[in-house]
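K.L.:
My file is my_file-v5.cif. It has mmCIF, C-alpha atoms, pLDDT in the B column; chains and numbers go by the auth columns:
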```cif
data_final
loop_
_atom_site.group_PDB
_atom_site.id
_atom_site.type_symbol
_atom_site.label_atom_id
_atom_site.label_comp_id
_atom_site.label_asym_id
_atom_site.label_seq_id
_atom_site.Cartn_x
_atom_site.Cartn_y
_atom_site.Cartn_z
_atom_site.B_iso_or_equiv
_atom_site.auth_seq_id
_atom_site.auth_asym_id
ATOM 1 C CA MET A 1 28.506 0.864 -99.735 52.00 1 V
ATOM 2 C CA LYS A 2 25.314 2.160 -101.363 49.00 2 V
ATOM 3 C CA ILE A 3 25.163 -0.910 -103.634 49.00 3 V
ATOM 4 C CA ALA A 4 25.524 -3.229 -100.649 51.00 4 V
ATOM 5 C CA ALA A 5 22.815 -1.366 -98.723 52.00 5 V
ATOM 6 C CA HIS A 6 20.515 -1.475 -101.764 50.00 6 V
ATOM 7 C CA SER A 7 21.075 -5.229 -102.143 53.00 7 V
ATOM 8 C CA THR A 8 20.334 -5.758 -98.464 54.00 8 V
ATOM 9 C CA THR A 9 17.087 -3.783 -98.782 54.00 9 V
ATOM 10 C CA LEU A 10 15.967 -5.802 -101.819 50.00 10 V
ATOM 11 C CA LEU A 11 16.764 -9.056 -100.032 49.00 11 V
ATOM 12 C CA SER A 12 14.753 -7.935 -96.996 54.00 12 V
ATOM 13 C CA LEU A 13 11.763 -7.034 -99.181 47.00 13 V
ATOM 14 C CA MET A 14 11.927 -10.396 -100.966 52.00 14 V
ATOM 15 C CA LEU A 15 11.995 -12.259 -97.667 45.00 15 V
ATOM 16 C CA LEU A 16 9.102 -10.155 -96.359 46.00 16 V
ATOM 17 C CA LEU A 17 6.956 -10.832 -99.457 44.00 17 V
ATOM 18 C CA SER A 18 7.817 -14.521 -99.271 47.00 18 V
ATOM 19 C CA GLY A 19 6.698 -14.610 -95.646 49.00 19 V
ATOM 20 C CA VAL A 20 3.449 -12.807 -96.467 42.00 20 V
ATOM 21 C CA GLY A 21 2.729 -15.257 -99.282 44.00 21 V
ATOM 22 C CA SER A 22 3.346 -18.192 -96.986 43.00 22 V
ATOM 23 C CA ALA A 23 1.069 -16.728 -94.343 42.00 23 V
ATOM 24 C CA VAL A 24 -1.729 -16.234 -96.885 38.00 24 V
ATOM 25 C CA GLN A 25 -1.411 -19.813 -98.055 43.00 25 V
ATOM 26 C CA ALA A 26 -1.383 -21.056 -94.470 44.00 26 V
ATOM 27 C CA GLN A 27 -4.656 -19.235 -93.775 48.00 27 V
ATOM 28 C CA GLN A 28 -6.557 -20.996 -96.593 52.00 28 V
ATOM 29 C CA VAL A 29 -9.560 -22.528 -94.792 57.00 29 V
ATOM 30 C CA TYR A 30 -12.701 -24.008 -96.362 56.00 30 V
ATOM 31 C CA ARG A 31 -16.144 -23.863 -94.734 57.00 31 V
ATOM 32 C CA SER A 32 -18.733 -26.551 -95.521 61.00 32 V
ATOM 33 C CA VAL A 33 -22.227 -27.364 -94.293 56.00 33 V
ATOM 34 C CA GLY A 34 -23.197 -31.041 -93.990 57.00 34 V
ATOM 35 C CA PRO A 35 -26.632 -32.572 -94.635 51.00 35 V
ATOM 36 C CA ASP A 36 -27.356 -32.336 -90.895 52.00 36 V
ATOM 37 C CA GLY A 37 -26.621 -28.602 -90.877 53.00 37 V
ATOM 38 C CA ARG A 38 -23.330 -29.013 -89.057 59.00 38 V
ATOM 39 C CA VAL A 39 -20.685 -26.455 -90.088 56.00 39 V
ATOM 40 C CA THR A 40 -17.119 -27.713 -90.386 61.00 40 V
ATOM 41 C CA PHE A 41 -13.838 -26.033 -91.284 59.00 41 V
ATOM 42 C CA SER A 42 -11.013 -27.770 -93.103 62.00 42 V
ATOM 43 C CA ASP A 43 -7.896 -27.058 -95.125 59.00 43 V
ATOM 44 C CA ARG A 44 -9.362 -29.166 -97.942 61.00 44 V
ATOM 45 C CA PRO A 45 -12.175 -28.003 -100.247 62.00 45 V
ATOM 46 C CA PRO A 46 -15.540 -29.811 -99.838 59.00 46 V
ATOM 47 C CA VAL A 47 -16.515 -32.524 -102.323 52.00 47 V
ATOM 48 C CA GLU A 48 -19.076 -30.287 -104.058 48.00 48 V
ATOM 49 C CA ALA A 49 -16.535 -27.520 -104.563 47.00 49 V
ATOM 50 C CA LYS A 50 -13.915 -29.945 -105.853 49.00 50 V
ATOM 51 C CA SER A 51 -16.435 -31.503 -108.236 47.00 51 V
ATOM 52 C CA GLN A 52 -17.521 -28.160 -109.563 50.00 52 V
ATOM 53 C CA ALA A 53 -13.911 -27.046 -109.860 51.00 53 V
ATOM 54 C CA THR A 54 -13.144 -30.231 -111.786 51.00 54 V
ATOM 55 C CA ALA A 55 -16.055 -29.585 -114.140 50.00 55 V
ATOM 56 C CA GLU A 56 -15.003 -25.988 -114.667 53.00 56 V
ATOM 57 C CA THR A 57 -11.382 -26.996 -115.229 54.00 57 V
ATOM 58 C CA THR A 58 -12.384 -29.667 -117.742 52.00 58 V
ATOM 59 C CA GLY A 59 -14.634 -27.243 -119.566 51.00 59 V
ATOM 60 C CA THR A 60 -11.965 -24.553 -119.578 52.00 60 V
ATOM 61 C CA GLN A 61 -9.395 -26.971 -120.995 54.00 61 V
ATOM 62 C CA ALA A 62 -11.810 -28.068 -123.734 54.00 62 V
ATOM 63 C CA ALA A 63 -12.593 -24.444 -124.602 58.00 63 V
ATOM 64 C CA SER A 64 -8.885 -23.553 -124.632 59.00 64 V
ATOM 65 C CA SER A 65 -8.181 -26.432 -126.998 66.00 65 V
ATOM 66 C CA ALA A 66 -10.983 -25.301 -129.309 67.00 66 V
ATOM 67 C CA ASN A 67 -9.669 -21.718 -129.184 79.00 67 V
ATOM 68 C CA ASP A 68 -6.140 -22.623 -130.261 82.00 68 V
ATOM 69 C CA ASN A 69 -6.947 -22.140 -133.959 84.00 69 V
ATOM 70 C CA LEU A 70 -8.835 -18.869 -133.589 94.00 70 V
ATOM 71 C CA PRO A 71 -7.564 -15.645 -135.183 93.00 71 V
ATOM 72 C CA TYR A 72 -5.125 -13.885 -132.879 95.00 72 V
ATOM 73 C CA ALA A 73 -7.368 -10.938 -131.938 95.00 73 V
ATOM 74 C CA LEU A 74 -10.371 -13.161 -131.200 96.00 74 V
ATOM 75 C CA ARG A 75 -8.214 -15.602 -129.245 95.00 75 V
ATOM 76 C CA GLN A 76 -6.942 -12.743 -127.059 96.00 76 V
ATOM 77 C CA VAL A 77 -10.484 -11.564 -126.290 97.00 77 V
ATOM 78 C CA ALA A 78 -11.697 -15.106 -125.545 96.00 78 V
ATOM 79 C CA SER A 79 -8.729 -15.614 -123.218 95.00 79 V
ATOM 80 C CA ARG A 80 -9.344 -12.417 -121.251 96.00 80 V
ATOM 81 C CA PHE A 81 -13.143 -12.575 -121.215 97.00 81 V
ATOM 82 C CA PRO A 82 -14.252 -16.224 -121.577 97.00 82 V
ATOM 83 C CA VAL A 83 -17.981 -16.733 -122.098 98.00 83 V
ATOM 84 C CA THR A 84 -19.970 -19.473 -120.362 98.00 84 V
ATOM 85 C CA LEU A 85 -23.690 -20.083 -120.942 98.00 85 V
ATOM 86 C CA TYR A 86 -25.816 -22.014 -118.426 98.00 86 V
ATOM 87 C CA THR A 87 -28.945 -23.529 -119.961 98.00 87 V
ATOM 88 C CA GLY A 88 -31.860 -25.832 -119.170 96.00 88 V
ATOM 89 C CA ALA A 89 -34.158 -28.123 -121.117 93.00 89 V
ATOM 90 C CA ASP A 90 -37.206 -26.601 -122.846 94.00 90 V
ATOM 91 C CA CYS A 91 -35.874 -23.099 -122.197 96.00 91 V
ATOM 92 C CA ALA A 92 -36.704 -20.700 -125.039 97.00 92 V
ATOM 93 C CA PRO A 93 -34.600 -17.799 -123.652 97.00 93 V
ATOM 94 C CA CYS A 94 -31.671 -20.229 -123.366 98.00 94 V
ATOM 95 C CA ALA A 95 -32.017 -21.047 -127.055 98.00 95 V
ATOM 96 C CA SER A 96 -32.123 -17.322 -127.869 98.00 96 V
ATOM 97 C CA ALA A 97 -28.921 -16.677 -125.908 98.00 97 V
ATOM 98 C CA ARG A 98 -27.224 -19.612 -127.618 98.00 98 V
ATOM 99 C CA SER A 99 -28.328 -18.333 -131.055 98.00 99 V
ATOM 100 C CA LEU A 100 -26.945 -14.858 -130.313 98.00 100 V
ATOM 101 C CA LEU A 101 -23.531 -16.212 -129.330 98.00 101 V
ATOM 102 C CA THR A 102 -23.404 -18.682 -132.195 97.00 102 V
ATOM 103 C CA GLY A 103 -24.556 -16.166 -134.808 96.00 103 V
ATOM 104 C CA ARG A 104 -22.031 -13.590 -133.661 97.00 104 V
ATOM 105 C CA GLY A 105 -19.228 -16.129 -133.662 97.00 105 V
ATOM 106 C CA VAL A 106 -18.483 -15.931 -129.937 97.00 106 V
ATOM 107 C CA PRO A 107 -16.519 -18.940 -128.638 97.00 107 V
ATOM 108 C CA PHE A 108 -18.309 -20.114 -125.505 97.00 108 V
ATOM 109 C CA SER A 109 -18.732 -23.071 -123.155 97.00 109 V
ATOM 110 C CA GLU A 110 -22.190 -24.390 -122.260 97.00 110 V
ATOM 111 C CA ARG A 111 -23.231 -25.925 -118.943 97.00 111 V
ATOM 112 C CA THR A 112 -26.573 -27.696 -118.652 97.00 112 V
ATOM 113 C CA VAL A 113 -28.708 -27.517 -115.510 97.00 113 V
ATOM 114 C CA THR A 114 -31.024 -30.528 -115.315 95.00 114 V
ATOM 115 C CA SER A 115 -30.702 -32.179 -111.883 95.00 115 V
ATOM 116 C CA ASN A 116 -31.154 -31.015 -108.311 95.00 116 V
ATOM 117 C CA ASP A 117 -27.379 -31.083 -107.883 95.00 117 V
ATOM 118 C CA ASP A 118 -27.040 -28.804 -110.913 96.00 118 V
ATOM 119 C CA ILE A 119 -29.648 -26.423 -109.497 96.00 119 V
ATOM 120 C CA ASP A 120 -27.869 -26.269 -106.138 95.00 120 V
ATOM 121 C CA ALA A 121 -24.550 -25.586 -107.864 96.00 121 V
ATOM 122 C CA LEU A 122 -26.130 -22.844 -109.993 96.00 122 V
ATOM 123 C CA LYS A 123 -27.602 -21.213 -106.895 96.00 123 V
ATOM 124 C CA ARG A 124 -24.197 -21.199 -105.203 96.00 124 V
ATOM 125 C CA LEU A 125 -22.698 -19.680 -108.338 95.00 125 V
ATOM 126 C CA SER A 126 -25.284 -17.041 -109.228 94.00 126 V
ATOM 127 C CA GLY A 127 -27.376 -16.673 -106.092 95.00 127 V
ATOM 128 C CA ALA A 128 -30.517 -17.705 -108.007 95.00 128 V
ATOM 129 C CA THR A 129 -31.897 -20.562 -110.091 94.00 129 V
ATOM 130 C CA SER A 130 -33.198 -18.655 -113.124 95.00 130 V
ATOM 131 C CA LEU A 131 -32.033 -19.558 -116.613 97.00 131 V
ATOM 132 C CA PRO A 132 -30.363 -18.674 -118.822 97.00 132 V
ATOM 133 C CA PHE A 133 -27.404 -17.468 -116.845 98.00 133 V
ATOM 134 C CA GLY A 134 -24.185 -16.304 -118.465 98.00 134 V
ATOM 135 C CA THR A 135 -20.755 -15.012 -117.615 98.00 135 V
ATOM 136 C CA ILE A 136 -18.529 -12.799 -119.759 98.00 136 V
ATOM 137 C CA GLY A 137 -15.280 -12.686 -117.866 96.00 137 V
ATOM 138 C CA ALA A 138 -16.311 -11.686 -114.337 95.00 138 V
ATOM 139 C CA GLN A 139 -19.592 -10.118 -115.499 97.00 139 V
ATOM 140 C CA GLN A 140 -22.709 -12.127 -114.663 97.00 140 V
ATOM 141 C CA LEU A 141 -25.882 -11.952 -116.756 97.00 141 V
ATOM 142 C CA SER A 142 -29.159 -13.332 -115.403 96.00 142 V
ATOM 143 C CA GLY A 143 -31.952 -13.968 -117.879 96.00 143 V
ATOM 144 C CA PHE A 144 -31.695 -12.990 -121.520 98.00 144 V
ATOM 145 C CA ALA A 145 -32.056 -9.540 -123.016 97.00 145 V
ATOM 146 C CA GLU A 146 -30.354 -9.273 -126.414 97.00 146 V
ATOM 147 C CA SER A 147 -29.486 -5.592 -125.967 97.00 147 V
ATOM 148 C CA GLU A 148 -27.821 -6.226 -122.592 97.00 148 V
ATOM 149 C CA TRP A 149 -25.830 -9.231 -123.776 98.00 149 V
ATOM 150 C CA THR A 150 -24.774 -7.360 -126.923 98.00 150 V
ATOM 151 C CA GLN A 151 -23.638 -4.398 -124.836 97.00 151 V
ATOM 152 C CA TYR A 152 -21.351 -6.538 -122.683 98.00 152 V
ATOM 153 C CA LEU A 153 -20.012 -8.490 -125.662 98.00 153 V
ATOM 154 C CA ASP A 154 -19.150 -5.166 -127.341 97.00 154 V
ATOM 155 C CA ALA A 155 -17.474 -3.903 -124.176 97.00 155 V
ATOM 156 C CA ALA A 156 -15.387 -7.089 -123.936 97.00 156 V
ATOM 157 C CA GLY A 157 -14.177 -6.543 -127.509 97.00 157 V
ATOM 158 C CA TYR A 158 -15.869 -9.434 -129.325 98.00 158 V
ATOM 159 C CA PRO A 159 -16.250 -8.708 -133.054 97.00 159 V
ATOM 160 C CA LYS A 160 -19.761 -7.931 -134.289 96.00 160 V
ATOM 161 C CA GLN A 161 -19.366 -10.379 -137.190 95.00 161 V
ATOM 162 C CA SER A 162 -18.176 -13.957 -136.863 96.00 162 V
ATOM 163 C CA GLN A 163 -14.468 -14.502 -137.383 95.00 163 V
ATOM 164 C CA LEU A 164 -14.518 -18.195 -136.542 95.00 164 V
ATOM 165 C CA PRO A 165 -12.590 -20.415 -138.963 94.00 165 V
ATOM 166 C CA ALA A 166 -14.594 -22.870 -141.054 92.00 166 V
ATOM 167 C CA ASN A 167 -13.198 -25.859 -139.120 91.00 167 V
ATOM 168 C CA TYR A 168 -14.067 -24.471 -135.686 93.00 168 V
ATOM 169 C CA ARG A 169 -15.980 -26.884 -133.476 92.00 169 V
ATOM 170 C CA ARG A 170 -17.532 -25.624 -130.265 92.00 170 V
ATOM 171 C CA PRO A 171 -17.013 -27.881 -127.221 93.00 171 V
ATOM 172 C CA PRO A 172 -20.142 -29.977 -126.499 95.00 172 V
ATOM 173 C CA ALA A 173 -22.377 -28.919 -123.632 96.00 173 V
ATOM 174 C CA GLN A 174 -21.469 -30.444 -120.277 96.00 174 V
ATOM 175 C CA PRO A 175 -23.575 -30.877 -117.109 96.00 175 V
ATOM 176 C CA LEU A 176 -22.804 -28.317 -114.441 95.00 176 V
ATOM 177 C CA VAL A 177 -22.142 -31.102 -111.906 93.00 177 V
ATOM 178 C CA PRO A 178 -20.323 -34.162 -113.313 89.00 178 V
ATOM 179 C CA ALA A 179 -22.208 -37.463 -113.202 80.00 179 V
ATOM 180 C CA ALA A 180 -19.447 -39.012 -111.081 75.00 180 V
ATOM 181 C CA ALA A 181 -19.970 -36.401 -108.380 68.00 181 V
ATOM 182 C CA LYS A 182 -23.744 -36.950 -108.430 63.00 182 V
ATOM 183 C CA SER A 183 -23.389 -40.694 -107.873 59.00 183 V
ATOM 184 C CA ALA A 184 -20.724 -40.259 -105.197 55.00 184 V
ATOM 185 C CA ALA A 185 -22.753 -37.829 -103.068 53.00 185 V
ATOM 186 C CA PRO A 186 -25.449 -40.344 -101.877 55.00 186 V
ATOM 187 C CA ALA A 187 -22.785 -42.933 -101.078 56.00 187 V
ATOM 188 C CA GLU A 188 -20.831 -40.427 -98.995 60.00 188 V
ATOM 189 C CA ALA A 189 -24.008 -39.321 -97.190 56.00 189 V
ATOM 190 C CA ALA A 190 -24.865 -42.958 -96.378 59.00 190 V
ATOM 191 C CA SER A 191 -21.328 -43.514 -95.107 59.00 191 V
ATOM 192 C CA ARG A 192 -21.614 -40.466 -92.844 60.00 192 V
ATOM 193 C CA ASP A 193 -24.978 -41.698 -91.533 59.00 193 V
ATOM 194 C CA ARG A 194 -23.516 -45.095 -90.704 61.00 194 V
ATOM 195 C CA SER A 195 -20.551 -43.571 -88.921 58.00 195 V
ATOM 196 C CA ALA A 196 -22.816 -41.204 -86.959 57.00 196 V
ATOM 197 C CA ALA A 197 -25.236 -43.935 -85.829 55.00 197 V
ATOM 198 C CA PRO A 198 -24.751 -44.860 -82.126 59.00 198 V
ATOM 199 C CA ARG A 199 -23.133 -48.208 -81.577 56.00 199 V
ATOM 200 C CA THR A 200 -24.990 -50.639 -79.341 53.00 200 V
ATOM 201 C CA ARG A 201 -22.999 -52.350 -76.632 56.00 201 V
ATOM 202 C CA ASN A 202 -22.716 -56.081 -77.048 55.00 202 V
ATOM 203 C CA GLU A 203 -24.701 -57.667 -74.282 54.00 203 V
ATOM 204 C CA ALA A 204 -23.515 -60.855 -72.657 54.00 204 V
ATOM 205 C CA PRO A 205 -25.767 -63.817 -73.429 54.00 205 V
ATOM 206 C CA ARG A 206 -28.148 -64.740 -70.687 58.00 206 V
ATOM 207 C CA PRO A 207 -27.273 -67.937 -68.864 55.00 207 V
ATOM 208 C CA ALA A 208 -29.463 -70.926 -69.605 54.00 208 V
ATOM 209 C CA PRO A 209 -31.830 -71.876 -66.772 54.00 209 V
ATOM 210 C CA ALA A 210 -30.581 -74.616 -64.488 57.00 210 V
ATOM 211 C CA ALA A 211 -31.898 -78.068 -65.269 54.00 211 V
ATOM 212 C CA ASN A 212 -34.782 -79.170 -63.082 57.00 212 V
ATOM 213 C CA PRO A 213 -35.175 -82.940 -62.718 56.00 213 V
ATOM 214 C CA SER A 214 -38.913 -82.546 -62.288 58.00 214 V
ATOM 215 C CA ASN A 215 -39.212 -80.203 -65.330 55.00 215 V
ATOM 216 C CA PRO A 216 -36.655 -81.390 -67.925 54.00 216 V
ATOM 217 C CA ALA A 217 -38.179 -79.241 -70.711 50.00 217 V
ATOM 218 C CA GLY A 218 -37.571 -76.048 -68.751 49.00 218 V
ATOM 219 C CA ILE A 219 -41.168 -74.829 -69.065 48.00 219 V
ATOM 220 C CA SER A 220 -42.023 -71.890 -66.843 47.00 220 V
ATOM 221 C CA PHE A 221 -45.492 -70.720 -65.760 39.00 221 V
#
```
Spell out the structure here as structure tokens.

P.N.:
Amino acid sequence: MKIAAHSTTLLSLMLLLSGVGSAVQAQQVYRSVGPDGRVTFSDRPPVEAKSQATAETTGTQAASSANDNLPYALRQVASRFPVTLYTGADCAPCASARSLLTGRGVPFSERTVTSNDDIDALKRLSGATSLPFGTIGAQQLSGFAESEWTQYLDAAGYPKQSQLPANYRRPPAQPLVPAAAKSAAPAEAASRDRSAAPRTRNEAPRPAPAANPSNPAGISF
């Protein structure tokens, strides 16, 4: 009897957890703000979020592929605390941050911020537009101070000396917002503008003036 009661309790807990999980999934709602300032809610992520998610997923997959041949201990650290560096053109602190990571042998992904779309995406991500910007796991680092970055790399467990194999190739830098998303945004905005424009009612053509035998040309004064 005790075994049967225990089984019934476990089954009830499983059904309860399943119901909670379904409720959480059902409550997934995305909020987006259009160019006109209108706020909308949907069960689908906005285009910008999907584009950024696609870029992050692509970058993560490339980094994971590059990390496959790393020594076991370094691969474990890179998996738990992945490093991403956000850089801009003609940015000396960005170059310093890149040199620190490269010299220490830290596997990292690089995202470039060059367009207005990139800047907007960076602001949504970090709350600011200053560069460089970096993430070590969930830790965010704004600006570059070698002592601060070194402290967090040490805390994450990255070795102080490079352990990268000789054939290691870091994934190339990628724009923060993919080019496809940048070109699609104006087209979608134009489509929304066209759909929002008021439609004019087709007016019936005016009837032609009646023919006047004394004025066959229909000239009016």

K.L.:
What's the 10 Å shell around Leu101 of chain V, counting all atoms listed in the file, without same-chain residues fewer than 2 positions away, as a list in words?

P.N.:
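Contacts, in chain order: Val83, Leu85, Ser96, Ala97, Arg98, Ser99, Gly103, Arg104, Gly105, Val106, Pro107, Phe108, Trp149, Thr150, Leu153 and Ser162 of chain V.
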
K.L.:
Between V:Ser142, V:Gln76, V:Gln151, V:Thr102, single out the one closest to Ser126 of chain V, counting all atoms listed in the file.

P.N.:
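Comparing V:Ser142, V:Gln76, V:Gln151, V:Thr102 against Ser126 of chain V, the winner is V:Ser142.
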
K.L.:
Please, what distance in Å, to one decimal, runs between atom CA of Ile119 of chain V and atom CA of Ser79 of chain V?

P.N.:
27.3 Å

K.L.:
How many Å lie between atom CA of Lys123 of chain V and atom CA of Tyr158 of chain V, rounded to one decimal?

P.N.:
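Result for atom CA of Lys123 of chain V versus atom CA of Tyr158 of chain V: 27.9 Å, one decimal.
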
K.L.:
Can you measure atom CA of Gly88 of chain V to atom CA of Thr114 of chain V for me? One decimal in Å is fine.

P.N.:
6.1 Å

K.L.:
Box along x, y and z, 6 Å on every side, all listed atoms of segment 148-162 of chain V inside: centre and edge lengths in Å to one decimal, as JSON.

P.N.:
```
{"center_x": -21.0, "center_y": -8.9, "center_z": -129.9, "size_x": 25.6, "size_y": 22.1, "size_z": 26.6}
```

K.L.:
I'd like the contact shell of Ala73 of chain V - 12 Å cut-off, all atoms listed in the file, skipping same-chain residues fewer than 5 positions apart - returned as a ChimeraX atom specification.

P.N.:
/V:67-68,78-80,156-159,163-164

K.L.:
Give the answer as one residue: which of V:Gly143, V:Pro171, V:Pro93, V:Pro165 has the shortest atom-to-atom distance to Leu70 of chain V, using all atoms listed in the file?

P.N.:
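Among the listed residues, the smallest separation from Leu70 of chain V belongs to V:Pro165.
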
K.L.:
Spell out the residues picked by the PyMOL selection byres ((chain V and resi 87) around 10) here, as a PDB file with C-alpha atoms, keeping the file's coordinate frame.

P.N.:
```pdb
ATOM      1  CA  THR V  84     -19.970 -19.473-120.362  1.00 98.00           C
ATOM      2  CA  LEU V  85     -23.690 -20.083-120.942  1.00 98.00           C
ATOM      3  CA  TYR V  86     -25.816 -22.014-118.426  1.00 98.00           C
ATOM      4  CA  GLY V  88     -31.860 -25.832-119.170  1.00 96.00           C
ATOM      5  CA  ALA V  89     -34.158 -28.123-121.117  1.00 93.00           C
ATOM      6  CA  ASP V  90     -37.206 -26.601-122.846  1.00 94.00           C
ATOM      7  CA  CYS V  91     -35.874 -23.099-122.197  1.00 96.00           C
ATOM      8  CA  ALA V  92     -36.704 -20.700-125.039  1.00 97.00           C
ATOM      9  CA  PRO V  93     -34.600 -17.799-123.652  1.00 97.00           C
ATOM     10  CA  CYS V  94     -31.671 -20.229-123.366  1.00 98.00           C
ATOM     11  CA  ALA V  95     -32.017 -21.047-127.055  1.00 98.00           C
ATOM     12  CA  ALA V  97     -28.921 -16.677-125.908  1.00 98.00           C
ATOM     13  CA  ARG V  98     -27.224 -19.612-127.618  1.00 98.00           C
ATOM     14  CA  GLU V 110     -22.190 -24.390-122.260  1.00 97.00           C
ATOM     15  CA  ARG V 111     -23.231 -25.925-118.943  1.00 97.00           C
ATOM     16  CA  THR V 112     -26.573 -27.696-118.652  1.00 97.00           C
ATOM     17  CA  VAL V 113     -28.708 -27.517-115.510  1.00 97.00           C
ATOM     18  CA  THR V 114     -31.024 -30.528-115.315  1.00 95.00           C
ATOM     19  CA  SER V 130     -33.198 -18.655-113.124  1.00 95.00           C
ATOM     20  CA  LEU V 131     -32.033 -19.558-116.613  1.00 97.00           C
ATOM     21  CA  PRO V 132     -30.363 -18.674-118.822  1.00 97.00           C
ATOM     22  CA  PHE V 133     -27.404 -17.468-116.845  1.00 98.00           C
ATOM     23  CA  GLY V 134     -24.185 -16.304-118.465  1.00 98.00           C
ATOM     24  CA  ALA V 173     -22.377 -28.919-123.632  1.00 96.00           C
ATOM     25  CA  PRO V 175     -23.575 -30.877-117.109  1.00 96.00           C
ATOM     26  CA  LEU V 176     -22.804 -28.317-114.441  1.00 95.00           C
TER      27      LEU V 176
END
```

K.L.:
From the options V:Pro172, V:Arg75, V:Ala179, V:Leu141, which residue's atoms come nearest to Gly127 of chain V, counting all atoms listed in the file?

P.N.:
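So, comparing all the options, the nearest one is V:Leu141.
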